[in-house]
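Student: What follows is run_5.pdb; its format and atoms are PDB, C-alpha atoms and all ligand atoms.
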MODEL        1
ATOM      1  CA  MET A   1       0.000   0.000   0.000  1.00  0.00           C
ATOM      2  CA  PRO A   2       1.467   3.379  -0.970  1.00  0.00           C
ATOM      3  CA  GLU A   3       2.541   5.735   1.747  1.00  0.00           C
ATOM      4  CA  THR A   4       0.197   8.669   2.232  1.00  0.00           C
ATOM      5  CA  HIS A   5       1.092  11.941   3.932  1.00  0.00           C
ATOM      6  CA  ASN A   6      -1.077  14.870   4.728  1.00  0.00           C
ATOM      7  CA  CYS A   7       0.667  18.049   3.679  1.00  0.00           C
ATOM      8  CA  SER A   8      -2.018  20.487   4.843  1.00  0.00           C
ATOM      9  CA  SER A   9      -4.475  20.652   7.644  1.00  0.00           C
ATOM     10  CA  ASP A  10      -6.998  22.580   5.544  1.00  0.00           C
ATOM     11  CA  ASP A  11     -10.081  20.589   4.573  1.00  0.00           C
ATOM     12  CA  ALA A  12     -12.152  23.522   3.404  1.00  0.00           C
ATOM     13  CA  PRO A  13     -12.176  24.615  -0.218  1.00  0.00           C
ATOM     14  CA  LEU A  14      -9.684  27.343  -0.934  1.00  0.00           C
ATOM     15  CA  PRO A  15     -10.992  30.620  -2.287  1.00  0.00           C
ATOM     16  CA  LYS A  16     -11.160  30.707  -6.037  1.00  0.00           C
ATOM     17  CA  GLN A  17      -9.266  33.366  -7.946  1.00  0.00           C
ATOM     18  CA  SER A  18     -11.323  36.399  -8.702  1.00  0.00           C
ATOM     19  CA  ALA A  19     -12.325  36.979 -12.269  1.00  0.00           C
ATOM     20  CA  ALA A  20     -10.743  40.417 -11.999  1.00  0.00           C
ATOM     21  CA  GLY A  21      -7.376  38.901 -10.988  1.00  0.00           C
ATOM     22  CA  LEU A  22      -7.433  36.446 -13.858  1.00  0.00           C
ATOM     23  CA  SER A  23      -8.398  39.118 -16.302  1.00  0.00           C
ATOM     24  CA  ARG A  24      -5.549  41.348 -15.159  1.00  0.00           C
ATOM     25  CA  ARG A  25      -3.035  38.487 -15.330  1.00  0.00           C
ATOM     26  CA  ASN A  26      -4.219  37.447 -18.772  1.00  0.00           C
ATOM     27  CA  PHE A  27      -4.087  41.038 -19.868  1.00  0.00           C
ATOM     28  CA  LEU A  28      -0.505  41.470 -18.601  1.00  0.00           C
ATOM     29  CA  SER A  29       0.618  38.234 -20.260  1.00  0.00           C
ATOM     30  CA  THR A  30      -0.938  39.291 -23.542  1.00  0.00           C
ATOM     31  CA  LEU A  31       0.598  42.732 -23.183  1.00  0.00           C
ATOM     32  CA  ALA A  32       4.070  41.275 -22.582  1.00  0.00           C
ATOM     33  CA  ILE A  33       3.815  39.053 -25.664  1.00  0.00           C
ATOM     34  CA  ALA A  34       2.506  41.883 -27.801  1.00  0.00           C
ATOM     35  CA  ALA A  35       5.156  44.311 -26.581  1.00  0.00           C
ATOM     36  CA  GLY A  36       7.970  41.839 -27.181  1.00  0.00           C
ATOM     37  CA  SER A  37       6.778  41.069 -30.689  1.00  0.00           C
ATOM     38  CA  ILE A  38       6.735  44.723 -31.717  1.00  0.00           C
ATOM     39  CA  GLY A  39       9.856  45.728 -29.796  1.00  0.00           C
ATOM     40  CA  LEU A  40       8.306  47.842 -27.053  1.00  0.00           C
ATOM     41  CA  THR A  41      10.530  46.604 -24.265  1.00  0.00           C
ATOM     42  CA  SER A  42       9.387  49.158 -21.706  1.00  0.00           C
ATOM     43  CA  ILE A  43       5.839  47.791 -21.872  1.00  0.00           C
ATOM     44  CA  ALA A  44       7.154  44.230 -21.543  1.00  0.00           C
ATOM     45  CA  GLN A  45       9.247  45.242 -18.527  1.00  0.00           C
ATOM     46  CA  SER A  46       6.162  46.744 -16.872  1.00  0.00           C
ATOM     47  CA  ALA A  47       4.261  43.506 -17.361  1.00  0.00           C
ATOM     48  CA  GLN A  48       7.170  41.490 -15.907  1.00  0.00           C
ATOM     49  CA  ALA A  49       7.275  43.838 -12.920  1.00  0.00           C
ATOM     50  CA  ALA A  50       3.851  42.445 -11.996  1.00  0.00           C
ATOM     51  CA  SER A  51       5.618  39.207 -11.003  1.00  0.00           C
ATOM     52  CA  LYS A  52       7.068  38.917  -7.530  1.00  0.00           C
ATOM     53  CA  LYS A  53       9.551  36.461  -6.053  1.00  0.00           C
ATOM     54  CA  TYR A  54       8.751  35.050  -2.607  1.00  0.00           C
ATOM     55  CA  LYS A  55      11.047  33.211  -0.201  1.00  0.00           C
ATOM     56  CA  VAL A  56       8.861  30.229   0.690  1.00  0.00           C
ATOM     57  CA  CYS A  57      10.853  27.718   2.752  1.00  0.00           C
ATOM     58  CA  ALA A  58      14.193  26.073   3.377  1.00  0.00           C
ATOM     59  CA  THR A  59      15.118  23.178   1.096  1.00  0.00           C
ATOM     60  CA  LYS A  60      15.202  20.887   4.163  1.00  0.00           C
ATOM     61  CA  ASP A  61      11.503  21.626   4.789  1.00  0.00           C
ATOM     62  CA  VAL A  62      10.479  19.403   1.854  1.00  0.00           C
ATOM     63  CA  LYS A  63      11.508  15.728   1.814  1.00  0.00           C
ATOM     64  CA  VAL A  64      12.718  14.032  -1.369  1.00  0.00           C
ATOM     65  CA  GLY A  65       9.582  12.493  -2.886  1.00  0.00           C
ATOM     66  CA  GLY A  66       7.425  14.658  -0.640  1.00  0.00           C
ATOM     67  CA  ALA A  67       5.429  17.852  -0.599  1.00  0.00           C
ATOM     68  CA  SER A  68       4.613  20.576   1.886  1.00  0.00           C
ATOM     69  CA  SER A  69       2.259  23.532   1.698  1.00  0.00           C
ATOM     70  CA  PHE A  70       3.179  27.078   2.615  1.00  0.00           C
ATOM     71  CA  ARG A  71       1.265  30.325   2.858  1.00  0.00           C
ATOM     72  CA  VAL A  72       2.620  33.000   0.513  1.00  0.00           C
ATOM     73  CA  PRO A  73       1.617  36.670   0.859  1.00  0.00           C
ATOM     74  CA  ALA A  74       0.586  36.935  -2.792  1.00  0.00           C
ATOM     75  CA  GLY A  75      -2.917  38.162  -3.518  1.00  0.00           C
ATOM     76  CA  LYS A  76      -5.025  36.986  -0.596  1.00  0.00           C
ATOM     77  CA  ASN A  77      -2.362  34.848   1.130  1.00  0.00           C
ATOM     78  CA  MET A  78      -2.394  31.936  -1.241  1.00  0.00           C
ATOM     79  CA  MET A  79      -1.208  28.422  -0.410  1.00  0.00           C
ATOM     80  CA  VAL A  80       1.618  26.993  -2.495  1.00  0.00           C
ATOM     81  CA  LEU A  81       2.613  23.331  -2.643  1.00  0.00           C
ATOM     82  CA  ILE A  82       6.356  22.764  -2.883  1.00  0.00           C
ATOM     83  CA  THR A  83       7.377  19.308  -4.054  1.00  0.00           C
ATOM     84  CA  GLN A  84      10.774  17.644  -4.405  1.00  0.00           C
ATOM     85  CA  PRO A  85      10.221  14.841  -6.949  1.00  0.00           C
ATOM     86  CA  LYS A  86      13.978  14.123  -7.128  1.00  0.00           C
ATOM     87  CA  LYS A  87      16.830  15.140  -4.835  1.00  0.00           C
ATOM     88  CA  GLY A  88      17.538  18.827  -5.435  1.00  0.00           C
ATOM     89  CA  VAL A  89      14.630  19.307  -7.890  1.00  0.00           C
ATOM     90  CA  PHE A  90      11.862  21.512  -6.515  1.00  0.00           C
ATOM     91  CA  ARG A  91       8.482  22.336  -8.067  1.00  0.00           C
ATOM     92  CA  ALA A  92       5.771  24.746  -6.941  1.00  0.00           C
ATOM     93  CA  PHE A  93       2.033  24.578  -7.565  1.00  0.00           C
ATOM     94  CA  ASP A  94      -1.050  26.462  -6.506  1.00  0.00           C
ATOM     95  CA  GLN A  95      -2.582  24.188  -3.878  1.00  0.00           C
ATOM     96  CA  ARG A  96      -6.094  24.727  -5.241  1.00  0.00           C
ATOM     97  CA  CYS A  97      -7.411  21.746  -7.156  1.00  0.00           C
ATOM     98  CA  THR A  98      -8.391  22.655 -10.703  1.00  0.00           C
ATOM     99  CA  HIS A  99     -11.581  20.618 -10.363  1.00  0.00           C
ATOM    100  CA  ASP A 100     -13.437  22.551  -7.682  1.00  0.00           C
ATOM    101  CA  GLY A 101     -10.923  24.522  -5.637  1.00  0.00           C
ATOM    102  CA  PHE A 102     -10.404  22.235  -2.643  1.00  0.00           C
ATOM    103  CA  ALA A 103      -6.900  21.866  -1.234  1.00  0.00           C
ATOM    104  CA  VAL A 104      -4.667  19.238  -2.808  1.00  0.00           C
ATOM    105  CA  ASN A 105      -3.536  17.762   0.487  1.00  0.00           C
ATOM    106  CA  SER A 106      -2.043  14.277   0.233  1.00  0.00           C
ATOM    107  CA  ILE A 107       0.628  12.267  -1.530  1.00  0.00           C
ATOM    108  CA  GLU A 108       0.449   8.744  -2.908  1.00  0.00           C
ATOM    109  CA  GLY A 109       3.659   7.543  -4.519  1.00  0.00           C
ATOM    110  CA  LYS A 110       4.716  10.297  -6.955  1.00  0.00           C
ATOM    111  CA  ASN A 111       1.239  11.810  -7.105  1.00  0.00           C
ATOM    112  CA  LEU A 112      -0.485  14.631  -5.286  1.00  0.00           C
ATOM    113  CA  ILE A 113      -4.064  13.868  -4.302  1.00  0.00           C
ATOM    114  CA  CYS A 114      -7.113  16.031  -3.839  1.00  0.00           C
ATOM    115  CA  GLN A 115      -9.177  14.013  -1.424  1.00  0.00           C
ATOM    116  CA  ALA A 116     -12.329  16.013  -2.095  1.00  0.00           C
ATOM    117  CA  HIS A 117     -13.170  13.956  -5.202  1.00  0.00           C
ATOM    118  CA  GLY A 118     -10.023  11.895  -5.745  1.00  0.00           C
ATOM    119  CA  ALA A 119      -8.110  13.747  -8.473  1.00  0.00           C
ATOM    120  CA  LEU A 120      -4.420  12.802  -8.859  1.00  0.00           C
ATOM    121  CA  PHE A 121      -1.687  15.112 -10.137  1.00  0.00           C
ATOM    122  CA  ASP A 122       1.929  14.339 -11.032  1.00  0.00           C
ATOM    123  CA  MET A 123       4.198  15.910  -8.369  1.00  0.00           C
ATOM    124  CA  ASP A 124       6.826  16.801 -10.997  1.00  0.00           C
ATOM    125  CA  SER A 125       4.691  18.370 -13.737  1.00  0.00           C
ATOM    126  CA  GLY A 126       1.353  19.000 -12.042  1.00  0.00           C
ATOM    127  CA  SER A 127      -0.404  17.183 -14.894  1.00  0.00           C
ATOM    128  CA  VAL A 128      -3.618  15.257 -14.266  1.00  0.00           C
ATOM    129  CA  ARG A 129      -3.132  11.532 -13.678  1.00  0.00           C
ATOM    130  CA  ARG A 130      -6.748  10.872 -12.703  1.00  0.00           C
ATOM    131  CA  GLY A 131      -9.883  13.007 -12.862  1.00  0.00           C
ATOM    132  CA  PRO A 132     -12.310  14.442 -12.232  1.00  0.00           C
ATOM    133  CA  ALA A 133      -9.880  17.373 -12.671  1.00  0.00           C
ATOM    134  CA  LYS A 134      -9.209  18.079 -16.330  1.00  0.00           C
ATOM    135  CA  ARG A 135      -6.503  20.762 -16.066  1.00  0.00           C
ATOM    136  CA  SER A 136      -2.995  20.586 -14.607  1.00  0.00           C
ATOM    137  CA  LEU A 137      -2.239  22.347 -11.350  1.00  0.00           C
ATOM    138  CA  THR A 138      -1.065  25.924 -11.811  1.00  0.00           C
ATOM    139  CA  LYS A 139       2.730  25.768 -11.800  1.00  0.00           C
ATOM    140  CA  TYR A 140       5.082  28.516 -10.635  1.00  0.00           C
ATOM    141  CA  THR A 141       8.714  29.243 -11.392  1.00  0.00           C
ATOM    142  CA  VAL A 142      11.008  27.949  -8.641  1.00  0.00           C
ATOM    143  CA  SER A 143      14.568  28.901  -7.831  1.00  0.00           C
ATOM    144  CA  VAL A 144      16.865  27.692  -5.063  1.00  0.00           C
ATOM    145  CA  GLU A 145      19.358  30.096  -3.535  1.00  0.00           C
ATOM    146  CA  LYS A 146      21.534  29.353  -0.514  1.00  0.00           C
ATOM    147  CA  ASN A 147      19.313  26.459   0.648  1.00  0.00           C
ATOM    148  CA  PHE A 148      16.061  28.406   0.366  1.00  0.00           C
ATOM    149  CA  VAL A 149      13.236  27.871  -2.117  1.00  0.00           C
ATOM    150  CA  TYR A 150      11.844  30.924  -3.911  1.00  0.00           C
ATOM    151  CA  VAL A 151       8.704  31.050  -6.034  1.00  0.00           C
ATOM    152  CA  THR A 152       7.816  33.690  -8.603  1.00  0.00           C
ATOM    153  CA  ILE A 153       4.116  34.494  -8.773  1.00  0.00           C
ATOM    154  CA  LYS A 154       2.347  36.940 -11.050  1.00  0.00           C
ATOM    155  CA  ASN A 155       0.199  39.342  -9.073  1.00  0.00           C
TER
HETATM  156  S1  LIG B 201     -11.974  19.585  -5.891  1.00  0.00           S
HETATM  157 FE1  LIG B 201     -10.270  18.293  -6.214  1.00  0.00          FE
HETATM  158  S2  LIG B 201     -11.081  16.498  -7.099  1.00  0.00           S
HETATM  159 FE2  LIG B 201     -12.798  17.811  -6.852  1.00  0.00          FE
ENDMDL
END
Let me see whether you can do it: turn the structure in this file into structure tokens.
Tutor:
Amino acid sequence: MPETHNCSSDDAPLPKQSAAGLSRRNFLSTLAIAAGSIGLTSIAQSAQAASKKYKVCATKDVKVGGASSFRVPAGKNMMVLITQPKKGVFRAFDQRCTHDGFAVNSIEGKNLICQAHGALFDMDSGSVRRGPAKRSLTKYTVSVEKNFVYVTIKN
């Protein structure tokens, strides 16, 4: 039987992103692409400035083959799942399940599980291994500096 770990004590659904936040993010992404394609670098730099890098945890806080959740002061204090699928390789995902917004809160083998309705996600890529979720977990850029894990999130 695969080992299962809880990586969050939250059972309640996490708040969904506001339509206004998504619209702004989509707008900034589109703006950055458009600006880059026509050579307006100052507009692209403004769009990139909307991203912020957060120090999330120490590398020792996440076991190899494990995951832990951390609160990040982005937006309305979002929860980020940090995984370490292989030694020294860290990934970061929005903890909200793409099916219905509950917290992805367990691990089974190399998969993250949302126990609300049983969706499975790959801990390396965030891709769906089993529904009912149809979309991958939202993935963030991770960097490791001096034994700390940083995540870049667009505001
Ligand atoms: S909310 Fe995650 S499987 Fe339904």
Student: From the options A:Asp122, A:Glu108, A:Glu145, A:Asp100, which residue's atoms come nearest to ligand LIG 201 (chain B), counting all atoms listed in the file?
Tutor: A:Asp100
Student: Return as a ChimeraX atom specification every polymer residue, whether protein, DNA or RNA, with at least one atom no more than 12 Å from an atom of ligand LIG 201 (chain B); count only C-alpha atoms and all ligand atoms.
Tutor: /A:11-16,95-106,112-121,128-137
Student: One number please: atom CA of Ile107 of chain A to atom CA of Ala74 of chain A, in Å, one decimal.
Tutor: 24.7 Å
Student: What do you get, as an mmCIF file with C-alpha atoms, in the coordinates of the input, if you spell out every residue that the PyMOL selection byres (((chain A and resi 59) around 9) and not hetatm) selects here?
Tutor:
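Saved the output as result_36.cif:
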data_model
loop_
_atom_site.group_PDB
_atom_site.id
_atom_site.type_symbol
_atom_site.label_atom_id
_atom_site.label_comp_id
_atom_site.auth_asym_id
_atom_site.auth_seq_id
_atom_site.Cartn_x
_atom_site.Cartn_y
_atom_site.Cartn_z
ATOM 1 C CA CYS A 57 10.853 27.718 2.752
ATOM 2 C CA ALA A 58 14.193 26.073 3.377
ATOM 3 C CA LYS A 60 15.202 20.887 4.163
ATOM 4 C CA ASP A 61 11.503 21.626 4.789
ATOM 5 C CA VAL A 62 10.479 19.403 1.854
ATOM 6 C CA LYS A 63 11.508 15.728 1.814
ATOM 7 C CA GLN A 84 10.774 17.644 -4.405
ATOM 8 C CA GLY A 88 17.538 18.827 -5.435
ATOM 9 C CA PHE A 90 11.862 21.512 -6.515
ATOM 10 C CA VAL A 144 16.865 27.692 -5.063
ATOM 11 C CA ASN A 147 19.313 26.459 0.648
ATOM 12 C CA PHE A 148 16.061 28.406 0.366
ATOM 13 C CA VAL A 149 13.236 27.871 -2.117
#
Student: Have a look at A:Lys139, A:Lys76, A:Lys52, A:Arg71 and name the one nearest to Asn155 of chain A; count all atoms listed in the file.
Tutor: A:Lys52
Student: What would the list of residues within 6 Å of (7.8, 37.2, -12.6) (file frame) look like as a ChimeraX atom specification, if all atoms listed in the file are what count?
Tutor: /A:48,51-52,152-154
Student: One decimal, in Å: what's the spacing between atom CA of Thr141 of chain A and atom CA of Phe93 of chain A?
Tutor: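 Here the two named atoms are 9.0 Å from each other.
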Student: Show me the residues around (5.3, 29.5, 5.4) - criterion: an atom at most 9 Å away, all atoms listed in the file counted - as a PyMOL selection string.
Tutor: chain A and resi 55-57+69-72+79
Student: With 5 Å on each side, where is the centre of the axis-aligned box around all listed atoms of segment 51-64 of chain A, and how long are its edges in Å to one decimal, as lines of an AutoDock Vina configuration file?
Tutor:
center_x = 10.4
center_y = 26.6
center_z = -3.1
size_x = 19.6
size_y = 35.2
size_z = 25.8
Student: Find the distance between atom CA of Gly109 of chain A and atom CA of Asn77 of chain A and write it in Å to one decimal.
Tutor: 28.5 Å
